[in-house]
Amino acid sequence: MGKRATINDVARMAGVSKSTVSRFLNGSPVREETAKSIRRAIRHYRYESNQFARLNAKQSNIMGIILPGFDSTVTPRVMTAMDKYLRTKGYTPLIINTEGDLDLEVASITNLAAMNVDGIVIISTYITDAHREAVESIDKPVVFMGQVFEHGVSVLDDNQSAGRALGAYVAERGIRSAGLLWVDERDVAVGQTRRDAVAEGLRAGGVDDVRVYTADFTYPTAYAVARRVLGEKDRPEALLCATDRIAYGVYKAARELGVRIPEDVSVTGFGAYDTSEVVTPPLTTVRFDVESAACVCADTVLRMRAGEPVSKTQLIGYTFVEGESVRDAGKAAGR
């Protein structure tokens, strides 16, 4: 059996450096002519790169990413942005999808560290003591995205400012009773911080009747809760939803019950998904720059690895998106 080709053989035949071949294999941009030469050499030697052969190296150029699932509208956008950014830095993402299994999420932290990834980004819904213990047991830089990690570094949406702004907007439109269709408090960023900020904005604007209805992130549950709430005789004038997906559940329930938006009930969301612009009426919502958040997460891990100082908590800004789903009650009343 002949000697197995190495990356040095490929580099020599292609007339480039070993590091250039490595950049090509990692998906980083190289000149097209260079790429063609490397591909020819790879075909000639039938070279098969093994990313995990680097796991015992001092630097693997692999970034571990733990996420709770791909069913969210936001996750694909986050992953696309993060992957693009990492490739410009010569890194390859190693993604673990836990499908919401917290035990697997915690185990994945130590498993990735054992595989010698250079750092870990955790897109989190909940953070437990087990997460903290796992992070403290490894010597890799870790950044949590989406939740505040009191014992480390976090990148998350500015839910307080965005929530207050949305609540204030609804109050300014003359709404006097509001229902919050929300997720449970285990998700601290959305279930507590965002909810409390919205309620604060409403009450500061004179809305004293603020009710909370518990749903979850799924469309079917949101729809079921919305049908019940919209069927109440003293239903609130506005339903403010934790996410756009929950708002879509309200839209469906309202349509089936003959409840008009915004004439009979006003609706808002968070997320500003592409589909929020095409529903009728267009949804009033808040857009967070998830692509920037993804890049900030990846960049922060790399800076931590390089020993550079980073902020413990980094907030990502928002954009208010005014649709046509909130009635101007003051204008309608001639005030």
# chains A, B, ... in the order shown; residues from 1 in each chain; ligands from 1

call {"tool": "closest_atom_pairs", "arguments": {"of": "segment 246-321 of chain A", "to": "segment 157-179 of chain A", "cutoff": "7 Å", "atoms": "only C-alpha atoms", "output": "CSV"}}
result
residue,atom,partner,partner_atom,distance
A:Phe288,CA,A:Asp157,CA,6.6
A:Leu315,CA,A:Asp158,CA,5.2
A:Ile316,CA,A:Asp157,CA,4.8
A:Gly317,CA,A:Asp158,CA,5.8
A:Tyr318,CA,A:Ala162,CA,6.5

call {"tool": "select_by_dssp", "arguments": {"residues": "segment 148-279 of chain A", "states": "helix (DSSP H, G or I)", "output": "PyMOL selection string"}}
result
chain A and resi 159-172+188-204+219-230+244-257+274-277

call {"tool": "residues_around", "arguments": {"residues": "Gly15 of chain A", "least_positions_apart": "2", "cutoff": "9 Å", "atoms": "only C-alpha atoms", "output": "CSV table (one decimal) with C-alpha atoms, in the first residue's frame"}}
result
chain,number,residue,atom,x,y,z
A,10,VAL,CA,-1.1,18.9,-1.9
A,11,ALA,CA,0.5,22.2,-1.2
A,12,ARG,CA,3.7,21.3,-3.1
A,13,MET,CA,1.8,20.2,-6.2
A,17,SER,CA,1.8,27.1,1.2
A,34,THR,CA,-5.4,29.0,-6.3
A,37,SER,CA,-4.8,24.3,-8.3
A,38,ILE,CA,-5.6,22.9,-4.9

call {"tool": "select_by_dssp", "arguments": {"residues": "segment 94-158 of chain A", "states": "strand (DSSP E)", "output": "count of residues only"}}
result
18

call {"tool": "residues_around", "arguments": {"residues": "Arg228 of chain A", "least_positions_apart": "5", "cutoff": "10 Å", "atoms": "only C-alpha atoms", "output": "list in words"}}
result
Tyr223, Arg235 and Ala253 of chain A

call {"tool": "write_last_selection", "arguments": {"atoms": "N, CA and C atoms", "output": "PDB file, in the first residue's frame"}}
result
ATOM      1  N   TYR A 223     -52.385  29.746  19.202  1.00  0.00           N
ATOM      2  CA  TYR A 223     -53.716  29.780  18.587  1.00  0.00           C
ATOM      3  C   TYR A 223     -54.790  29.367  19.593  1.00  0.00           C
ATOM      4  N   ARG A 235     -62.755  40.794  26.928  1.00  0.00           N
ATOM      5  CA  ARG A 235     -61.398  40.616  26.393  1.00  0.00           C
ATOM      6  C   ARG A 235     -60.667  41.963  26.356  1.00  0.00           C
ATOM      7  N   ALA A 253     -56.908  32.861  15.063  1.00  0.00           N
ATOM      8  CA  ALA A 253     -58.072  32.768  15.943  1.00  0.00           C
ATOM      9  C   ALA A 253     -59.048  33.912  15.682  1.00  0.00           C
TER      10      ALA A 253
END
